[in-house]
>>> print(open('start-v7.pdb').read())   # PDB, C-alpha atoms
ATOM      1  CA  MET A   1       0.000   0.000   0.000
ATOM      2  CA  LYS A   2       2.872   2.335   0.914
ATOM      3  CA  ASN A   3       4.554   1.631  -2.431
ATOM      4  CA  ILE A   4       1.324   2.491  -4.310
ATOM      5  CA  LEU A   5       1.047   5.817  -2.427
ATOM      6  CA  LEU A   6       4.684   6.645  -3.177
ATOM      7  CA  LEU A   7       4.208   5.845  -6.858
ATOM      8  CA  GLY A   8       1.068   7.981  -6.924
ATOM      9  CA  LEU A   9       2.905  10.945  -5.390
ATOM     10  CA  LEU A  10       5.719  10.511  -7.871
ATOM     11  CA  PHE A  11       3.447  10.473 -10.932
ATOM     12  CA  THR A  12       1.488  13.482  -9.623
ATOM     13  CA  SER A  13       4.670  15.536  -9.321
ATOM     14  CA  VAL A  14       5.945  14.377 -12.722
ATOM     15  CA  PHE A  15       2.766  15.279 -14.561
ATOM     16  CA  SER A  16       2.405  18.631 -12.773
ATOM     17  CA  GLN A  17       5.892  19.433 -14.142
ATOM     18  CA  ALA A  18       4.606  18.379 -17.571
ATOM     19  CA  ALA A  19       1.624  20.734 -17.325
ATOM     20  CA  HIS A  20       3.912  23.618 -16.318
ATOM     21  CA  HIS A  21       6.104  23.095 -19.361
ATOM     22  CA  GLU A  22       3.170  22.991 -21.795
ATOM     23  CA  MET A  23       1.957  26.534 -20.943
ATOM     24  CA  GLY A  24       2.511  29.032 -23.760
ATOM     25  CA  HIS A  25       3.262  32.763 -23.708
ATOM     26  CA  MET A  26       2.150  35.642 -25.977
ATOM     27  CA  HIS A  27       4.650  38.307 -27.010
ATOM     28  CA  SER A  28       4.842  41.073 -29.621
ATOM     29  CA  HIS A  29       7.897  40.786 -31.882
ATOM     30  CA  GLU A  30       7.498  43.989 -33.917
ATOM     31  CA  GLY A  31      10.858  45.601 -34.812
ATOM     32  CA  HIS A  32      12.893  42.987 -32.951
ATOM     33  CA  MET A  33      16.439  41.928 -33.775
ATOM     34  CA  HIS A  34      15.394  38.360 -34.553
ATOM     35  CA  GLU A  35      13.520  39.629 -37.632
ATOM     36  CA  GLN A  36      16.768  40.607 -39.354
ATOM     37  CA  MET A  37      17.941  38.738 -42.414
ATOM     38  CA  VAL A  38      21.498  37.478 -41.971
ATOM     39  CA  GLU A  39      23.541  36.677 -45.090
ATOM     40  CA  GLY A  40      20.318  36.381 -47.054
ATOM     41  CA  LYS A  41      18.697  33.977 -44.607
ATOM     42  CA  SER A  42      16.151  34.570 -41.889
ATOM     43  CA  LEU A  43      17.044  33.652 -38.345
ATOM     44  CA  ALA A  44      15.440  30.386 -37.293
ATOM     45  CA  VAL A  45      15.346  31.148 -33.589
ATOM     46  CA  ASP A  46      12.719  31.254 -30.903
ATOM     47  CA  PRO A  47      11.757  34.955 -31.028
ATOM     48  CA  GLN A  48      11.032  35.427 -27.350
ATOM     49  CA  ARG A  49      14.097  33.509 -26.284
ATOM     50  CA  PHE A  50      16.315  35.517 -28.648
ATOM     51  CA  ASP A  51      14.842  38.840 -27.477
ATOM     52  CA  ASN A  52      15.412  37.852 -23.843
ATOM     53  CA  PHE A  53      19.013  36.935 -24.668
ATOM     54  CA  VAL A  54      19.854  40.323 -26.254
ATOM     55  CA  ALA A  55      17.700  42.426 -23.899
ATOM     56  CA  ASN A  56      20.531  43.654 -21.669
ATOM     57  CA  LEU A  57      23.324  43.476 -24.207
ATOM     58  CA  GLU A  58      24.920  46.567 -25.759
ATOM     59  CA  ASN A  59      27.437  46.832 -28.609
ATOM     60  CA  SER A  60      27.531  43.081 -29.105
ATOM     61  CA  LYS A  61      27.771  40.534 -31.860
ATOM     62  CA  ILE A  62      25.480  37.547 -31.568
ATOM     63  CA  ALA A  63      26.441  34.189 -33.045
ATOM     64  CA  VAL A  64      23.482  31.876 -33.680
ATOM     65  CA  ILE A  65      24.736  28.317 -34.026
ATOM     66  CA  SER A  66      22.544  25.564 -35.420
ATOM     67  CA  VAL A  67      23.514  22.272 -33.788
ATOM     68  CA  GLN A  68      22.730  18.644 -34.521
ATOM     69  CA  GLY A  69      22.541  15.954 -31.848
ATOM     70  CA  MET A  70      21.789  18.331 -28.969
ATOM     71  CA  VAL A  71      18.927  16.308 -27.477
ATOM     72  CA  CYS A  72      19.968  15.987 -23.845
ATOM     73  CA  ASP A  73      20.481  18.703 -21.228
ATOM     74  CA  PHE A  74      22.957  16.569 -19.286
ATOM     75  CA  CYS A  75      25.061  16.035 -22.381
ATOM     76  CA  ALA A  76      24.808  19.694 -23.492
ATOM     77  CA  ARG A  77      26.330  20.879 -20.215
ATOM     78  CA  GLY A  78      29.730  20.766 -21.806
ATOM     79  CA  ILE A  79      28.783  23.527 -24.252
ATOM     80  CA  GLU A  80      28.369  26.006 -21.441
ATOM     81  CA  LYS A  81      31.642  24.851 -19.859
ATOM     82  CA  THR A  82      33.557  24.893 -23.143
ATOM     83  CA  PHE A  83      32.454  28.354 -24.284
ATOM     84  CA  GLY A  84      32.543  29.659 -20.711
ATOM     85  CA  LYS A  85      36.322  29.280 -20.820
ATOM     86  CA  ASP A  86      36.479  31.651 -23.813
ATOM     87  CA  THR A  87      36.986  35.106 -22.291
ATOM     88  CA  SER A  88      35.616  36.806 -25.416
ATOM     89  CA  VAL A  89      32.184  35.193 -24.907
ATOM     90  CA  SER A  90      30.060  37.390 -22.643
ATOM     91  CA  LYS A  91      26.844  35.368 -22.642
ATOM     92  CA  ILE A  92      25.699  31.849 -23.606
ATOM     93  CA  ASP A  93      22.275  30.345 -24.175
ATOM     94  CA  VAL A  94      21.499  26.723 -24.993
ATOM     95  CA  ASP A  95      18.089  26.122 -26.583
ATOM     96  CA  LEU A  96      17.341  22.392 -26.692
ATOM     97  CA  ALA A  97      13.934  22.815 -28.317
ATOM     98  CA  SER A  98      15.255  24.529 -31.455
ATOM     99  CA  GLY A  99      18.784  23.086 -31.458
ATOM    100  CA  LYS A 100      20.440  26.503 -31.185
ATOM    101  CA  VAL A 101      23.307  27.880 -29.175
ATOM    102  CA  LEU A 102      23.476  31.668 -28.799
ATOM    103  CA  LEU A 103      26.790  33.351 -28.019
ATOM    104  CA  ALA A 104      27.346  37.036 -27.331
ATOM    105  CA  TYR A 105      30.672  38.727 -28.097
ATOM    106  CA  PRO A 106      31.813  42.356 -27.868
ATOM    107  CA  ALA A 107      31.150  44.246 -31.114
ATOM    108  CA  SER A 108      34.891  44.549 -31.736
ATOM    109  CA  ALA A 109      35.529  40.803 -31.389
ATOM    110  CA  GLU A 110      36.604  38.765 -34.386
ATOM    111  CA  ILE A 111      34.471  35.660 -34.453
ATOM    112  CA  ASN A 112      36.281  32.525 -35.554
ATOM    113  CA  ARG A 113      33.628  30.249 -37.039
ATOM    114  CA  ALA A 114      36.003  27.312 -37.396
ATOM    115  CA  ASP A 115      36.854  27.566 -33.709
ATOM    116  CA  ILE A 116      33.161  27.620 -32.776
ATOM    117  CA  ALA A 117      32.498  24.554 -34.931
ATOM    118  CA  GLN A 118      35.445  22.718 -33.338
ATOM    119  CA  LYS A 119      34.204  23.506 -29.826
ATOM    120  CA  ILE A 120      30.777  22.162 -30.738
ATOM    121  CA  LEU A 121      32.451  19.044 -32.141
ATOM    122  CA  ASN A 122      34.394  18.660 -28.887
ATOM    123  CA  ASN A 123      31.011  18.228 -27.256
ATOM    124  CA  GLY A 124      30.079  15.379 -29.559
ATOM    125  CA  LEU A 125      27.732  17.526 -31.645
ATOM    126  CA  ASN A 126      27.733  18.922 -35.184
ATOM    127  CA  THR A 127      27.362  22.493 -36.414
ATOM    128  CA  THR A 128      25.219  22.990 -39.486
ATOM    129  CA  ASP A 129      25.161  26.799 -39.631
ATOM    130  CA  ILE A 130      26.599  29.848 -37.892
ATOM    131  CA  GLN A 131      24.925  33.226 -38.354
ATOM    132  CA  VAL A 132      26.385  36.398 -36.890
ATOM    133  CA  LEU A 133      24.352  39.510 -36.125
ATOM    134  CA  GLN A 134      25.644  42.890 -35.132
ATOM    135  CA  GLN A 135      23.668  44.851 -32.550
TER
ATOM    136  CA  MET B   1      27.504 -19.637  -4.262
ATOM    137  CA  LYS B   2      29.841 -16.913  -2.964
ATOM    138  CA  ASN B   3      31.733 -16.892  -6.282
ATOM    139  CA  LEU B   4      28.474 -16.523  -8.177
ATOM    140  CA  LEU B   5      27.512 -13.561  -6.023
ATOM    141  CA  ILE B   6      30.929 -11.958  -6.563
ATOM    142  CA  ILE B   7      30.527 -12.317 -10.330
ATOM    143  CA  ILE B   8      27.042 -10.837 -10.265
ATOM    144  CA  CYS B   9      28.364  -7.942  -8.137
ATOM    145  CA  LEU B  10      31.081  -7.214 -10.664
ATOM    146  CA  VAL B  11      28.606  -7.230 -13.511
ATOM    147  CA  LEU B  12      25.975  -5.120 -11.776
ATOM    148  CA  ALA B  13      28.443  -2.649 -10.396
ATOM    149  CA  SER B  14      30.273  -2.022 -13.637
ATOM    150  CA  THR B  15      27.403  -1.830 -16.103
ATOM    151  CA  SER B  16      25.828   1.532 -16.649
ATOM    152  CA  PHE B  17      24.011   3.245 -19.461
ATOM    153  CA  GLY B  18      25.303   6.629 -18.229
ATOM    154  CA  ARG B  19      27.128   8.571 -20.988
ATOM    155  CA  PRO B  20      30.572   6.863 -20.991
ATOM    156  CA  ILE B  21      32.317   9.668 -22.918
ATOM    157  CA  SER B  22      31.922  13.281 -21.862
ATOM    158  CA  TYR B  23      32.940  16.505 -23.632
ATOM    159  CA  VAL B  24      36.646  17.039 -24.309
ATOM    160  CA  GLY B  25      38.317  17.919 -21.037
ATOM    161  CA  GLY B  26      35.364  16.743 -19.002
ATOM    162  CA  HIS B  27      35.468  14.621 -15.866
ATOM    163  CA  THR B  28      32.651  12.347 -14.775
ATOM    164  CA  LEU B  29      32.214  10.740 -11.388
ATOM    165  CA  MET B  30      29.744   7.895 -10.864
ATOM    166  CA  ALA B  31      28.674   5.959  -7.805
ATOM    167  CA  ASN B  32      26.548   2.826  -7.921
ATOM    168  CA  SER B  33      24.947   0.863  -5.136
ATOM    169  CA  SER B  34      23.054  -2.392  -5.122
ATOM    170  CA  SER B  35      22.303  -5.057  -2.557
ATOM    171  CA  GLN B  36      25.432  -6.925  -3.633
ATOM    172  CA  ALA B  37      28.027  -4.228  -4.285
ATOM    173  CA  ASP B  38      29.022  -0.580  -4.260
ATOM    174  CA  ASN B  39      31.314   1.016  -6.785
ATOM    175  CA  ILE B  40      32.826   4.362  -7.675
ATOM    176  CA  TYR B  41      33.924   5.126 -11.222
ATOM    177  CA  TRP B  42      35.729   8.200 -12.474
ATOM    178  CA  HIS B  43      36.505   8.866 -16.127
ATOM    179  CA  TYR B  44      38.180  11.617 -18.097
ATOM    180  CA  THR B  45      37.637  12.504 -21.761
ATOM    181  CA  PRO B  46      40.852  13.716 -23.430
ATOM    182  CA  ASP B  47      39.369  13.310 -26.909
ATOM    183  CA  ILE B  48      35.788  13.073 -28.130
ATOM    184  CA  LYS B  49      36.475   9.548 -29.387
ATOM    185  CA  TYR B  50      37.452   7.982 -26.053
ATOM    186  CA  SER B  51      37.557   8.172 -22.278
ATOM    187  CA  LEU B  52      39.882   6.688 -19.662
ATOM    188  CA  GLY B  53      38.888   5.806 -16.160
ATOM    189  CA  VAL B  54      39.389   3.983 -12.909
ATOM    190  CA  ASP B  55      36.721   1.894 -11.220
ATOM    191  CA  TYR B  56      36.768   0.785  -7.571
ATOM    192  CA  GLN B  57      34.258  -1.795  -6.361
ATOM    193  CA  LYS B  58      33.341  -3.292  -2.997
ATOM    194  CA  ASP B  59      31.517  -6.608  -2.724
ATOM    195  CA  LYS B  60      29.298  -6.207   0.345
ATOM    196  CA  ILE B  61      28.909  -9.943   0.903
ATOM    197  CA  SER B  62      32.551 -11.094   0.688
ATOM    198  CA  ASP B  63      33.978  -7.684   1.667
ATOM    199  CA  GLU B  64      36.420  -7.830  -1.279
ATOM    200  CA  LEU B  65      37.696  -4.777  -3.163
ATOM    201  CA  PHE B  66      38.462  -4.606  -6.894
ATOM    202  CA  ALA B  67      40.157  -1.791  -8.791
ATOM    203  CA  SER B  68      40.010  -1.698 -12.586
ATOM    204  CA  ALA B  69      41.363   0.517 -15.344
ATOM    205  CA  ARG B  70      38.756   1.235 -18.004
ATOM    206  CA  PHE B  71      38.770   2.423 -21.591
ATOM    207  CA  THR B  72      35.737   3.411 -23.665
ATOM    208  CA  TYR B  73      35.913   4.100 -27.397
ATOM    209  CA  LEU B  74      33.267   5.746 -29.547
ATOM    210  CA  LEU B  75      32.899   3.505 -32.567
ATOM    211  CA  ASN B  76      30.172   5.467 -34.273
ATOM    212  CA  ARG B  77      27.967   8.477 -33.689
ATOM    213  CA  LYS B  78      25.197   9.894 -35.809
ATOM    214  CA  ASN B  79      23.718  13.293 -35.046
ATOM    215  CA  THR B  80      20.576  14.648 -36.614
ATOM    216  CA  ALA B  81      18.527  17.752 -35.840
ATOM    217  CA  THR B  82      16.366  15.739 -33.438
ATOM    218  CA  SER B  83      18.392  12.703 -32.370
ATOM    219  CA  GLN B  84      21.726  11.195 -31.479
ATOM    220  CA  ARG B  85      22.846   7.618 -31.926
ATOM    221  CA  ASN B  86      25.998   6.141 -30.355
ATOM    222  CA  LEU B  87      27.917   2.882 -30.437
ATOM    223  CA  TYR B  88      30.667   2.297 -27.875
ATOM    224  CA  LEU B  89      33.348  -0.293 -27.247
ATOM    225  CA  LYS B  90      34.106  -0.717 -23.546
ATOM    226  CA  THR B  91      36.871  -2.619 -21.860
ATOM    227  CA  GLY B  92      38.440  -2.890 -18.441
ATOM    228  CA  VAL B  93      41.220  -4.792 -16.718
ATOM    229  CA  GLY B  94      41.642  -5.520 -13.031
ATOM    230  CA  LEU B  95      44.514  -3.777 -11.278
ATOM    231  CA  ASN B  96      44.608  -5.970  -8.177
ATOM    232  CA  LYS B  97      42.460  -8.881  -9.370
ATOM    233  CA  ASP B  98      42.759 -11.182 -12.327
ATOM    234  CA  SER B  99      39.704  -9.978 -14.210
ATOM    235  CA  HIS B 100      38.795  -8.177 -17.389
ATOM    236  CA  PHE B 101      35.748  -7.329 -19.455
ATOM    237  CA  TYR B 102      34.900  -6.125 -22.913
ATOM    238  CA  GLY B 103      31.624  -5.211 -24.459
ATOM    239  CA  LEU B 104      29.523  -3.149 -26.762
ATOM    240  CA  SER B 105      26.888  -0.638 -25.791
ATOM    241  CA  GLY B 106      24.771   1.718 -27.795
ATOM    242  CA  ASP B 107      21.906   4.094 -27.596
ATOM    243  CA  TRP B 108      19.579   6.195 -29.684
ATOM    244  CA  GLU B 109      17.705   9.088 -28.205
ATOM    245  CA  THR B 110      15.585  12.074 -28.969
ATOM    246  CA  ARG B 111      14.328  14.610 -26.461
ATOM    247  CA  ARG B 112      11.367  12.303 -25.852
ATOM    248  CA  LEU B 113      12.517   8.718 -26.418
ATOM    249  CA  PHE B 114      15.481   6.592 -25.376
ATOM    250  CA  ILE B 115      16.594   3.108 -26.304
ATOM    251  CA  GLY B 116      19.873   1.574 -25.192
ATOM    252  CA  PHE B 117      21.549  -1.808 -25.142
ATOM    253  CA  SER B 118      24.622  -3.372 -23.579
ATOM    254  CA  ALA B 119      26.355  -6.697 -24.226
ATOM    255  CA  LYS B 120      29.325  -7.561 -22.043
ATOM    256  CA  GLN B 121      31.719 -10.471 -21.625
ATOM    257  CA  GLN B 122      33.331 -10.632 -18.188
ATOM    258  CA  SER B 123      36.201 -12.963 -17.311
ATOM    259  CA  GLY B 124      37.989 -13.676 -14.066
ATOM    260  CA  GLN B 125      39.647 -16.465 -12.138
ATOM    261  CA  GLY B 126      37.724 -19.596 -13.073
ATOM    262  CA  TYR B 127      34.718 -17.977 -14.714
ATOM    263  CA  ASP B 128      33.370 -16.409 -17.873
ATOM    264  CA  LEU B 129      30.135 -14.488 -17.875
ATOM    265  CA  PHE B 130      28.092 -12.890 -20.624
ATOM    266  CA  GLU B 131      25.359 -10.362 -19.866
ATOM    267  CA  GLN B 132      22.946  -8.468 -22.079
ATOM    268  CA  ARG B 133      20.732  -5.509 -21.213
ATOM    269  CA  VAL B 134      18.164  -3.382 -22.989
ATOM    270  CA  LYS B 135      16.667  -0.168 -21.683
ATOM    271  CA  LEU B 136      13.707   1.817 -23.028
ATOM    272  CA  GLY B 137      12.678   5.224 -21.813
ATOM    273  CA  ILE B 138      10.255   8.062 -22.340
ATOM    274  CA  ALA B 139      10.330  11.641 -21.084
ATOM    275  CA  PRO B 140       6.863  12.583 -19.784
ATOM    276  CA  TYR B 141       7.648  16.252 -20.384
ATOM    277  CA  LEU B 142      10.310  18.180 -22.331
ATOM    278  CA  GLY B 143      12.199  20.425 -19.935
ATOM    279  CA  ASP B 144      14.205  23.444 -20.935
ATOM    280  CA  TYR B 145      17.970  23.667 -20.474
ATOM    281  CA  GLY B 146      18.593  23.897 -16.737
ATOM    282  CA  ASP B 147      15.285  22.354 -15.694
ATOM    283  CA  LEU B 148      14.788  19.131 -13.752
ATOM    284  CA  HIS B 149      14.501  16.385 -16.376
ATOM    285  CA  THR B 150      12.665  13.111 -15.806
ATOM    286  CA  TRP B 151      12.771   9.815 -17.656
ATOM    287  CA  LEU B 152      10.490   6.840 -17.028
ATOM    288  CA  MET B 153      12.335   3.724 -18.090
ATOM    289  CA  VAL B 154      12.176  -0.044 -18.222
ATOM    290  CA  GLU B 155      15.295  -2.191 -18.161
ATOM    291  CA  THR B 156      15.552  -5.887 -18.961
ATOM    292  CA  LYS B 157      18.678  -7.955 -18.427
ATOM    293  CA  LYS B 158      19.902 -11.526 -18.563
ATOM    294  CA  ASN B 159      23.223 -13.242 -17.932
ATOM    295  CA  ASP B 160      24.244 -16.811 -18.736
ATOM    296  CA  LEU B 161      24.940 -17.743 -15.115
ATOM    297  CA  ASP B 162      21.509 -16.949 -13.790
ATOM    298  CA  ASP B 163      19.589 -17.993 -16.920
ATOM    299  CA  GLN B 164      16.543 -15.890 -16.212
ATOM    300  CA  ARG B 165      15.578 -12.534 -17.649
ATOM    301  CA  ILE B 166      14.516  -9.884 -15.175
ATOM    302  CA  THR B 167      12.652  -6.724 -16.116
ATOM    303  CA  TYR B 168      12.117  -3.755 -13.862
ATOM    304  CA  PRO B 169      11.217  -0.057 -13.825
ATOM    305  CA  VAL B 170      13.842   2.657 -13.610
ATOM    306  CA  LEU B 171      13.421   6.328 -12.795
ATOM    307  CA  ARG B 172      16.050   8.779 -14.074
ATOM    308  CA  LEU B 173      16.256  12.380 -12.880
ATOM    309  CA  PHE B 174      18.866  14.953 -13.811
ATOM    310  CA  LYS B 175      19.440  18.644 -13.383
ATOM    311  CA  GLY B 176      22.531  20.569 -14.317
ATOM    312  CA  GLY B 177      25.525  18.283 -14.045
ATOM    313  CA  ALA B 178      23.923  15.832 -11.615
ATOM    314  CA  LEU B 179      22.007  12.663 -12.431
ATOM    315  CA  ILE B 180      20.335  10.016 -10.313
ATOM    316  CA  GLU B 181      18.868   6.766 -11.561
ATOM    317  CA  VAL B 182      16.922   4.306  -9.412
ATOM    318  CA  GLY B 183      15.646   0.852 -10.353
ATOM    319  CA  TYR B 184      13.914  -1.856  -8.367
ATOM    320  CA  HIS B 185      13.305  -5.580  -8.729
ATOM    321  CA  ARG B 186      12.240  -7.957  -5.967
ATOM    322  CA  LYS B 187      15.108 -10.346  -6.861
ATOM    323  CA  THR B 188      17.905  -7.753  -6.946
ATOM    324  CA  ASN B 189      16.340  -5.091  -4.705
ATOM    325  CA  TRP B 190      17.331  -1.444  -5.317
ATOM    326  CA  ASP B 191      19.875  -0.323  -7.909
ATOM    327  CA  VAL B 192      21.006   3.274  -7.457
ATOM    328  CA  HIS B 193      23.228   5.127  -9.884
ATOM    329  CA  LEU B 194      24.601   8.619  -9.250
ATOM    330  CA  MET B 195      26.568  10.694 -11.717
ATOM    331  CA  TYR B 196      28.141  14.121 -11.692
ATOM    332  CA  ARG B 197      29.781  15.733 -14.701
ATOM    333  CA  PHE B 198      32.267  18.558 -14.227
TER
END
>>> encode(input="start-v7.pdb", output="structure tokens")
Amino acid sequence: MKNILLLGLLFTSVFSQAAHHEMGHMHSHEGHMHEQMVEGKSLAVDPQRFDNFVANLENSKIAVISVQGMVCDFCARGIEKTFGKDTSVSKIDVDLASGKVLLAYPASAEINRADIAQKILNNGLNTTDIQVLQQ
Amino acid sequence: MKNLLIIICLVLASTSFGRPISYVGGHTLMANSSSQADNIYWHYTPDIKYSLGVDYQKDKISDELFASARFTYLLNRKNTATSQRNLYLKTGVGLNKDSHFYGLSGDWETRRLFIGFSAKQQSGQGYDLFEQRVKLGIAPYLGDYGDLHTWLMVETKKNDLDDQRITYPVLRLFKGGALIEVGYHRKTNWDVHLMYRF
């Protein structure tokens, strides 16, 4: 009987977490940075997430990295650790849902795309695209 | 009977579906506990293709200690936009006991589904043992990066000493760099697996 009660409590907490994560949010995106075309392509990013990322940034370059294989939070931890060691990176965001990594650099920084791709590879993942925006 | 229990301890304590290769420069520490044995395993990833580690096990019944050096090699990996598939070669050799193992393990996962397998041949003084495992899992919700993640899993395993397949539920939780996995079967009691990546 005790085991059944414990299992019931466990499933209740699990599915209440599920309900929390299914809630959506409304947000106006008019005139936002994520609407820019970069090198002839539109940015395939979560608009609200991108706007939150750049909200408090000034004079920055934003690298939007499209990543393959990034399906597990535990395994993506290394991305934050790897890029966190790069002193030119001022902010990092890992978006599992869209398979994107956002990196912020000072506007004067020279972004080495090959280095970014190698760091992603060092985490067991693949880079399919890197787009750079200037604020 | 004692020898059989020692063998089972070695197998249970050293088999894990936890990611055996981390990011380059990453360290991983694991601790496992079952009714038969406890073990601690540390590994380091100098290259994305392999990891090196040391495993230290205690058999609770015979009170014996085993240290092993371990090597894991990534044979194949396939990344897509929504999945990752891995195939690993694992091997270990006893440092203070005449024992060694080698095996294959693999997994395929998306953010929602997981399937993994392990096949291992273990050899020691006077015995050879083969064990196979399969694990299936589903994430009841898709957490964001940094959230508490939950997996509901089922594991089934069989070895050629105890010629009976056992199947049992497993709960996996992880947040940040910490992971805990708990399984239960009335024959083998609780299996607990802890992992921290740093």
>>> interface_residues(input="start-v7.pdb", of="chain B", to="chain A", cutoff="7 Å", atoms="all atoms listed in the file", output="PyMOL selection string")
chain B and resi 23-24+48+79-84+110-111+140-141+143-145+176-177
>>> resolve_selection(input="start-v7.pdb", expression="the PyMOL selection byres ((chain B and resi 119) around 6)", output="PyMOL selection string")
chain B and resi 103-104+118+120+131-132
>>> residues_around(input="start-v7.pdb", residues="Lys58 in chain B", least_positions_apart="4", cutoff="7 Å", atoms="all atoms listed in the file", output="PyMOL selection string")
chain B and resi 37-39+63-66
>>> resolve_selection(input="start-v7.pdb", expression="the PyMOL selection byres ((chain A and resi 92) around 7)", output="list in words")
Glu80, Lys91, Asp93, Val94, Leu102, Leu103 and Ala104 of chain A
>>> write_last_selection(input="start-v7.pdb", atoms="C-alpha atoms", output="PDB file, in the frame of the given file")
ATOM      1  CA  GLU A  80      28.369  26.006 -21.441  1.00  0.00           C
ATOM      2  CA  LYS A  91      26.844  35.368 -22.642  1.00  0.00           C
ATOM      3  CA  ASP A  93      22.275  30.345 -24.175  1.00  0.00           C
ATOM      4  CA  VAL A  94      21.499  26.723 -24.993  1.00  0.00           C
ATOM      5  CA  LEU A 102      23.476  31.668 -28.799  1.00  0.00           C
ATOM      6  CA  LEU A 103      26.790  33.351 -28.019  1.00  0.00           C
ATOM      7  CA  ALA A 104      27.346  37.036 -27.331  1.00  0.00           C
TER       8      ALA A 104
END
>>> closest_residue(input="start-v7.pdb", among="A:Asp129, A:Asp115, A:Asp51, A:Glu110", to="Ile65 in chain A", atoms="only C-alpha atoms")
A:Asp129
>>> resolve_selection(input="start-v7.pdb", expression="the PyMOL selection byres ((chain B and resi 168) around 9)", output="list in words")
Met153, Val154, Glu155, Thr156, Ile166, Thr167, Pro169, Val170, Gly183, Tyr184, His185 and Arg186 of chain B
